[in-house]
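To be precise, the following lines are target25.txt, and they hold compact mmCIF, C-alpha atoms.
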```txt
# COMPACT_ATOMS: atom_id res chain seq x y z
CA MET Q 1 9.42 6.18 -2.99
CA ALA Q 2 8.72 3.97 -5.99
CA LYS Q 3 9.78 0.89 -4.00
CA GLN Q 4 7.39 1.87 -1.19
CA LYS Q 5 4.49 2.20 -3.66
CA THR Q 6 5.33 -1.16 -5.24
CA GLY Q 7 5.52 -2.76 -1.82
CA GLY Q 8 2.18 -1.25 -0.87
CA VAL Q 9 0.53 -2.60 -4.03
CA LEU Q 10 1.95 -6.08 -3.48
CA GLN Q 11 0.85 -6.03 0.14
CA GLY Q 12 -2.65 -5.00 -0.91
CA LEU Q 13 -2.82 -7.87 -3.42
CA LEU Q 14 -1.78 -10.48 -0.86
CA VAL Q 15 -5.20 -11.08 0.70
CA PRO Q 16 -7.14 -11.20 -2.63
CA LEU Q 17 -4.61 -13.70 -4.05
CA ILE Q 18 -4.93 -15.93 -0.99
CA VAL Q 19 -8.73 -15.82 -1.19
CA ILE Q 20 -8.67 -16.65 -4.92
CA ALA Q 21 -6.25 -19.55 -4.34
CA ILE Q 22 -8.46 -21.03 -1.60
CA TRP Q 23 -11.55 -20.48 -3.75
CA GLU Q 24 -9.97 -22.20 -6.76
CA GLY Q 25 -8.70 -25.07 -4.64
CA ALA Q 26 -12.10 -25.64 -3.07
CA SER Q 27 -13.73 -25.56 -6.51
CA ARG Q 28 -11.29 -28.10 -7.97
CA ALA Q 29 -11.78 -30.37 -4.94
CA GLY Q 30 -15.54 -30.37 -5.60
CA TRP Q 31 -16.42 -28.78 -2.26
CA ILE Q 32 -18.43 -26.00 -3.94
CA ASN Q 33 -21.41 -26.36 -6.25
CA PRO Q 34 -20.26 -24.63 -9.50
CA GLN Q 35 -23.83 -23.56 -10.24
CA ILE Q 36 -23.91 -21.59 -6.99
CA LEU Q 37 -20.29 -20.41 -6.89
CA PRO Q 38 -18.23 -21.05 -10.05
CA SER Q 39 -14.46 -21.24 -9.84
CA PRO Q 40 -12.26 -18.17 -10.38
CA TRP Q 41 -11.09 -19.64 -13.69
CA ALA Q 42 -14.72 -19.99 -14.88
CA VAL Q 43 -15.44 -16.41 -13.81
CA LEU Q 44 -12.33 -15.15 -15.63
CA HIS Q 45 -13.36 -17.04 -18.77
CA LYS Q 46 -16.86 -15.57 -18.63
CA TRP Q 47 -15.44 -12.10 -17.94
CA TYR Q 48 -13.31 -12.42 -21.09
CA GLU Q 49 -16.33 -13.51 -23.14
CA TYR Q 50 -18.35 -10.66 -21.65
CA ALA Q 51 -15.63 -8.11 -22.53
CA THR Q 52 -14.73 -9.19 -26.07
CA PRO Q 53 -16.76 -8.15 -29.15
CA MET Q 54 -19.48 -10.61 -30.11
CA LYS Q 55 -18.67 -10.42 -33.86
CA PRO Q 56 -15.30 -10.78 -35.63
CA TYR Q 57 -13.75 -7.58 -36.92
CA ASP Q 58 -14.99 -6.45 -40.33
CA PRO Q 59 -13.37 -3.29 -41.79
CA THR Q 60 -16.58 -2.47 -43.68
CA ASP Q 61 -18.47 -2.03 -40.39
CA GLY Q 62 -16.23 0.74 -39.09
CA SER Q 63 -12.89 1.35 -37.38
CA TRP Q 64 -11.00 -1.23 -35.37
CA LEU Q 65 -11.22 0.96 -32.26
CA ALA Q 66 -15.02 1.06 -32.43
CA TRP Q 67 -15.06 -2.72 -32.85
CA ALA Q 68 -12.68 -3.22 -29.90
CA PHE Q 69 -15.00 -1.24 -27.64
CA SER Q 70 -18.18 -2.95 -28.85
CA GLY Q 71 -18.08 -5.73 -26.27
CA GLU Q 72 -21.10 -6.08 -24.02
CA LEU Q 73 -19.07 -5.44 -20.85
CA VAL Q 74 -17.47 -2.29 -22.25
CA MET Q 75 -20.82 -0.88 -23.39
CA ASP Q 76 -22.44 -1.68 -20.05
CA ALA Q 77 -19.56 -0.08 -18.15
CA ILE Q 78 -19.74 3.05 -20.32
CA GLY Q 79 -23.50 3.27 -19.77
CA SER Q 80 -23.13 2.95 -16.00
CA LEU Q 81 -20.28 5.47 -15.83
CA TYR Q 82 -22.27 7.96 -17.90
CA ARG Q 83 -25.18 7.73 -15.47
CA VAL Q 84 -22.87 8.06 -12.47
CA VAL Q 85 -21.16 11.18 -13.83
CA ALA Q 86 -24.35 12.84 -15.07
CA GLY Q 87 -26.32 12.09 -11.91
CA PHE Q 88 -23.46 13.16 -9.66
CA LEU Q 89 -23.02 16.46 -11.49
CA ILE Q 90 -26.73 17.20 -11.11
CA GLY Q 91 -26.79 16.29 -7.41
CA ALA Q 92 -23.54 18.01 -6.50
CA GLY Q 93 -24.40 21.04 -8.65
CA LEU Q 94 -27.56 21.55 -6.59
CA ALA Q 95 -26.03 20.65 -3.22
CA LEU Q 96 -22.94 22.86 -3.38
CA PRO Q 97 -24.62 26.29 -3.63
CA LEU Q 98 -27.33 25.30 -1.14
CA GLY Q 99 -24.69 24.02 1.29
CA LEU Q 100 -22.69 27.24 0.97
CA LEU Q 101 -25.81 29.29 1.66
CA MET Q 102 -26.88 27.20 4.63
CA GLY Q 103 -23.37 27.21 6.06
CA SER Q 104 -22.79 30.95 5.72
CA SER Q 105 -26.28 32.25 6.56
CA GLN Q 106 -27.97 31.43 9.85
CA ARG Q 107 -31.30 32.56 8.40
CA VAL Q 108 -31.10 30.19 5.44
CA TYR Q 109 -29.91 27.42 7.73
CA GLY Q 110 -32.89 27.93 10.03
CA LEU Q 111 -35.31 27.86 7.07
CA MET Q 112 -33.89 24.75 5.38
CA ASN Q 113 -32.37 22.58 8.10
CA LEU Q 114 -35.59 20.90 9.32
CA THR Q 115 -36.60 19.97 5.77
CA VAL Q 116 -33.14 18.63 4.98
CA GLN Q 117 -32.99 16.55 8.16
CA VAL Q 118 -36.40 15.00 7.46
CA ILE Q 119 -35.58 14.04 3.84
CA ARG Q 120 -31.94 13.06 4.35
CA PRO Q 121 -32.48 9.71 6.15
CA ILE Q 122 -34.75 8.41 3.35
CA PRO Q 123 -32.59 6.12 1.16
CA PRO Q 124 -32.67 6.76 -2.60
CA ILE Q 125 -33.91 3.20 -3.13
CA ALA Q 126 -37.16 4.15 -1.39
CA TYR Q 127 -37.82 6.65 -4.19
CA ILE Q 128 -37.76 3.97 -6.92
CA PRO Q 129 -41.57 3.60 -7.21
CA LEU Q 130 -42.04 7.37 -7.36
CA ALA Q 131 -39.14 7.79 -9.79
CA ILE Q 132 -40.70 5.29 -12.20
CA LEU Q 133 -44.13 6.88 -11.73
CA TRP Q 134 -42.78 10.39 -12.39
CA PHE Q 135 -40.21 9.68 -15.10
CA GLY Q 136 -41.13 6.28 -16.54
CA LEU Q 137 -38.31 3.89 -17.48
CA GLY Q 138 -34.86 4.60 -18.88
CA ASN Q 139 -32.23 7.16 -17.92
CA PRO Q 140 -34.44 9.87 -16.32
CA PRO Q 141 -35.45 7.87 -13.20
CA ALA Q 142 -31.90 6.52 -12.88
CA LEU Q 143 -30.41 10.02 -13.03
CA PHE Q 144 -32.96 11.23 -10.48
CA LEU Q 145 -32.02 8.48 -8.02
CA ILE Q 146 -28.28 8.93 -8.56
CA SER Q 147 -28.45 12.70 -8.12
CA LEU Q 148 -30.44 12.16 -4.93
CA GLY Q 149 -27.80 9.78 -3.63
CA ALA Q 150 -25.01 12.26 -4.36
CA PHE Q 151 -26.90 15.32 -3.11
CA PHE Q 152 -26.87 14.84 0.66
CA PRO Q 153 -23.21 13.83 1.23
CA VAL Q 154 -22.06 16.92 -0.66
CA LEU Q 155 -24.66 19.12 1.04
CA MET Q 156 -23.92 18.05 4.62
CA ASN Q 157 -20.15 18.19 4.23
CA THR Q 158 -20.34 21.63 2.62
CA ILE Q 159 -22.50 22.93 5.48
CA ALA Q 160 -20.15 21.44 8.07
CA GLY Q 161 -17.09 22.87 6.32
CA VAL Q 162 -18.43 26.42 6.15
CA ARG Q 163 -19.87 26.42 9.70
CA GLN Q 164 -16.72 24.99 11.31
CA VAL Q 165 -14.32 27.66 10.08
CA ASP Q 166 -12.14 28.72 13.01
CA SER Q 167 -13.55 31.90 14.53
CA ILE Q 168 -10.02 33.28 14.91
CA TYR Q 169 -9.74 33.58 11.12
CA LEU Q 170 -13.11 35.32 10.90
CA ARG Q 171 -12.28 37.84 13.62
CA ALA Q 172 -8.87 38.54 12.11
CA ALA Q 173 -10.42 39.17 8.68
CA ARG Q 174 -13.08 41.46 10.16
CA ASN Q 175 -10.45 43.40 12.12
CA LEU Q 176 -8.60 43.94 8.83
CA GLY Q 177 -11.74 45.45 7.32
CA ALA Q 178 -12.85 42.52 5.15
CA LYS Q 179 -16.38 42.79 3.76
CA GLN Q 180 -18.84 39.91 4.02
CA SER Q 181 -18.28 38.88 0.40
CA THR Q 182 -14.49 38.93 0.88
CA LEU Q 183 -14.87 37.03 4.13
CA PHE Q 184 -16.85 34.33 2.35
CA LEU Q 185 -14.63 34.02 -0.74
CA ARG Q 186 -11.21 34.41 0.89
CA VAL Q 187 -11.70 32.81 4.31
CA MET Q 188 -14.78 30.60 4.63
CA LEU Q 189 -14.73 28.94 1.22
CA PRO Q 190 -11.01 27.97 1.18
CA ALA Q 191 -11.28 26.65 4.74
CA ALA Q 192 -14.31 24.55 3.73
CA VAL Q 193 -12.65 22.98 0.65
CA PRO Q 194 -11.34 19.87 2.52
CA TYR Q 195 -14.86 19.15 3.78
CA ILE Q 196 -16.37 19.77 0.36
CA LEU Q 197 -13.93 17.40 -1.35
CA SER Q 198 -14.62 14.74 1.27
CA GLY Q 199 -18.32 15.13 0.53
CA VAL Q 200 -17.63 14.85 -3.19
CA ARG Q 201 -15.69 11.63 -2.64
CA ILE Q 202 -18.48 10.13 -0.55
CA GLY Q 203 -21.14 11.41 -2.93
CA ILE Q 204 -19.63 9.87 -6.05
CA GLY Q 205 -19.20 6.58 -4.19
CA THR Q 206 -22.87 6.68 -3.21
CA ALA Q 207 -23.82 7.53 -6.79
CA PHE Q 208 -22.00 4.43 -8.00
CA ILE Q 209 -23.93 2.27 -5.53
CA VAL Q 210 -27.27 3.78 -6.51
CA VAL Q 211 -26.68 3.40 -10.26
CA ILE Q 212 -26.44 -0.40 -9.94
CA VAL Q 213 -29.75 -0.56 -8.07
CA ALA Q 214 -31.40 1.83 -10.52
CA GLU Q 215 -30.21 -0.20 -13.50
CA MET Q 216 -31.66 -3.35 -11.98
CA ILE Q 217 -35.09 -1.75 -11.85
CA ALA Q 218 -35.57 0.97 -14.45
CA VAL Q 219 -32.91 0.67 -17.19
CA SER Q 220 -32.41 -1.83 -20.01
CA ASN Q 221 -28.60 -1.72 -20.09
CA GLY Q 222 -25.65 -1.17 -17.78
CA LEU Q 223 -23.86 -3.37 -15.27
CA GLY Q 224 -26.79 -3.55 -12.87
CA PHE Q 225 -29.19 -4.61 -15.63
CA ARG Q 226 -26.74 -7.25 -16.88
CA ILE Q 227 -26.37 -8.74 -13.40
CA MET Q 228 -30.14 -8.95 -13.04
CA GLU Q 229 -30.41 -10.52 -16.49
CA ALA Q 230 -27.76 -13.11 -15.56
CA ARG Q 231 -29.71 -13.95 -12.39
CA GLU Q 232 -32.77 -14.79 -14.48
CA TYR Q 233 -30.75 -17.39 -16.42
CA PHE Q 234 -28.72 -18.67 -13.41
CA TRP Q 235 -25.46 -17.45 -14.95
CA SER Q 236 -23.53 -17.24 -11.69
CA ASP Q 237 -20.22 -16.74 -13.46
CA LYS Q 238 -21.55 -13.69 -15.31
CA ILE Q 239 -23.04 -12.28 -12.10
CA ILE Q 240 -19.67 -12.49 -10.36
CA ALA Q 241 -17.87 -11.12 -13.43
CA GLY Q 242 -20.20 -8.11 -13.35
CA MET Q 243 -19.69 -7.67 -9.61
CA ILE Q 244 -15.90 -7.73 -10.03
CA THR Q 245 -16.17 -5.14 -12.80
CA ILE Q 246 -18.21 -2.90 -10.49
CA GLY Q 247 -15.58 -3.28 -7.78
CA LEU Q 248 -12.72 -2.42 -10.14
CA LEU Q 249 -14.53 0.63 -11.51
CA GLY Q 250 -15.33 1.77 -7.97
CA LEU Q 251 -11.69 1.34 -7.00
CA ALA Q 252 -10.55 3.36 -10.03
CA ILE Q 253 -13.01 6.16 -9.21
CA ASP Q 254 -11.94 6.25 -5.56
CA LEU Q 255 -8.23 6.33 -6.46
CA GLY Q 256 -8.92 9.12 -8.94
CA MET Q 257 -10.80 11.13 -6.32
CA SER Q 258 -8.02 10.53 -3.79
CA ARG Q 259 -5.42 11.85 -6.24
CA LEU Q 260 -7.62 14.86 -7.01
CA ASN Q 261 -8.01 15.58 -3.30
CA ASN Q 262 -4.26 15.37 -2.74
CA TYR Q 263 -3.61 17.69 -5.69
CA MET Q 264 -6.20 20.30 -4.72
CA LEU Q 265 -5.31 20.19 -1.02
CA ARG Q 266 -1.51 20.21 -1.38
CA TRP Q 267 -1.50 23.71 0.13
CA HIS Q 268 -3.58 22.45 3.05
CA ARG Q 269 -1.47 19.34 3.73
CA GLY Q 270 1.89 20.90 2.99
CA LEU Q 271 2.47 18.70 -0.07
CA GLU Q 272 4.88 19.73 -2.76
CA ASN Q 273 4.02 19.75 -6.46
```

Here is the file; what I need is its structure written in the form of structure tokens.
Amino acid sequence: MAKQKTGGVLQGLLVPLIVIAIWEGASRAGWINPQILPSPWAVLHKWYEYATPMKPYDPTDGSWLAWAFSGELVMDAIGSLYRVVAGFLIGAGLALPLGLLMGSSQRVYGLMNLTVQVIRPIPPIAYIPLAILWFGLGNPPALFLISLGAFFPVLMNTIAGVRQVDSIYLRAARNLGAKQSTLFLRVMLPAAVPYILSGVRIGIGTAFIVVIVAEMIAVSNGLGFRIMEAREYFWSDKIIAGMITIGLLGLAIDLGMSRLNNYMLRWHRGLEN
């Protein structure tokens, strides 16, 4: 099992390594303008500068751990992750109960569905002018946009999960004398969990996309802001370093969500502890 995982990781790294090798070779041969696309080595060097503390360690300023995490990249990543988590919790916290209501009650579904279907196709980016007008600059408009991006994936998957419960289970529960509350808690909700977790995974991915856009417009720190700042000064290496950091954080979040899904759905997939 361990060998299979190692083989899978190495196989996954094959294409990125080939791309980096070709990129580095083309850069060294002078085929690429370094101002437009710097070499991988230049990007790595800038990424290291971006991640390391700007001042040497001084014990009088605080602990070594605080100094080690004082690099610009680390602070930007923490700021972006905070906004992602906070915005996602707001969006998912509103979407989950509404989705359960709409999925389990035909009356609530009839009242809310038209409104949801009209608002859902509007991308969160389109709300940027209104978000700034309503909330000003800083974290509030960013959290509003992120929560909006996370809201609809969780909502739609929750509705689909509750409404697509096999009718055989519902009839069997009713024949056994289950009340509506028991039917909802013991049959509909467990059956909808795979859909809900899929919506959560999509929603947190969407939140991570939206936070970068929000930081480019309305926030004065974070990975999105730093990329926009680097664009102003034509720091292509720092732009790419920031983009790679976003990709790695997104990969870590997705892997974490995948592991959480596998753990919570081990009963559904027949997985052992």

Write out as a ChimeraX atom specification which residues come within 7 Å of Val200 in chain Q when counting only C-alpha atoms, dropping same-chain ones fewer than 4 positions away. /Q:154,196,204

Would you kindly return, as a list in words, each protein, DNA or RNA residue with an atom no farther than 12 Å from any atom of Ile253 in chain Q, considering all atoms listed in the file and excluding same-chain residues fewer than 6 positions away? Leu81, Val84, Val85, Val200, Arg201, Ile202, Gly203, Ile204, Gly205, Thr206, Ala207, Phe208, Ile246, Gly247, Arg259 and Leu260 of chain Q

Could you give me, as a PyMOL selection string, the residues within 12 Å of Met243 in chain Q, counting all atoms listed in the file and dropping anything in the same chain fewer than 6 positions from it? chain Q and resi 43+47+73+77+209+212+223-228+230+236-237+249-250

With a distance cut-off of 9 Å and only C-alpha atoms, select the neighbouring residues of Pro38 in chain Q, excluding the residue or stretch itself and same-chain residues fewer than 4 positions from it, and output the selection as an MDAnalysis selection string. chainID Q and resid 24 27 32:34 42:43 236:237 240

Just want the 12 Å neighbourhood of Met112 in chain Q, counted on all atoms listed in the file, with same-chain residues fewer than 4 positions away dropped. Output as a VMD selection string. chain Q and resid 98 to 99 101 to 103 105 to 108 116 to 120 155 159

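Between CA of Gln164 in chain Q and CA of Gly110 in chain Q lies a distance of 16.5 Å.
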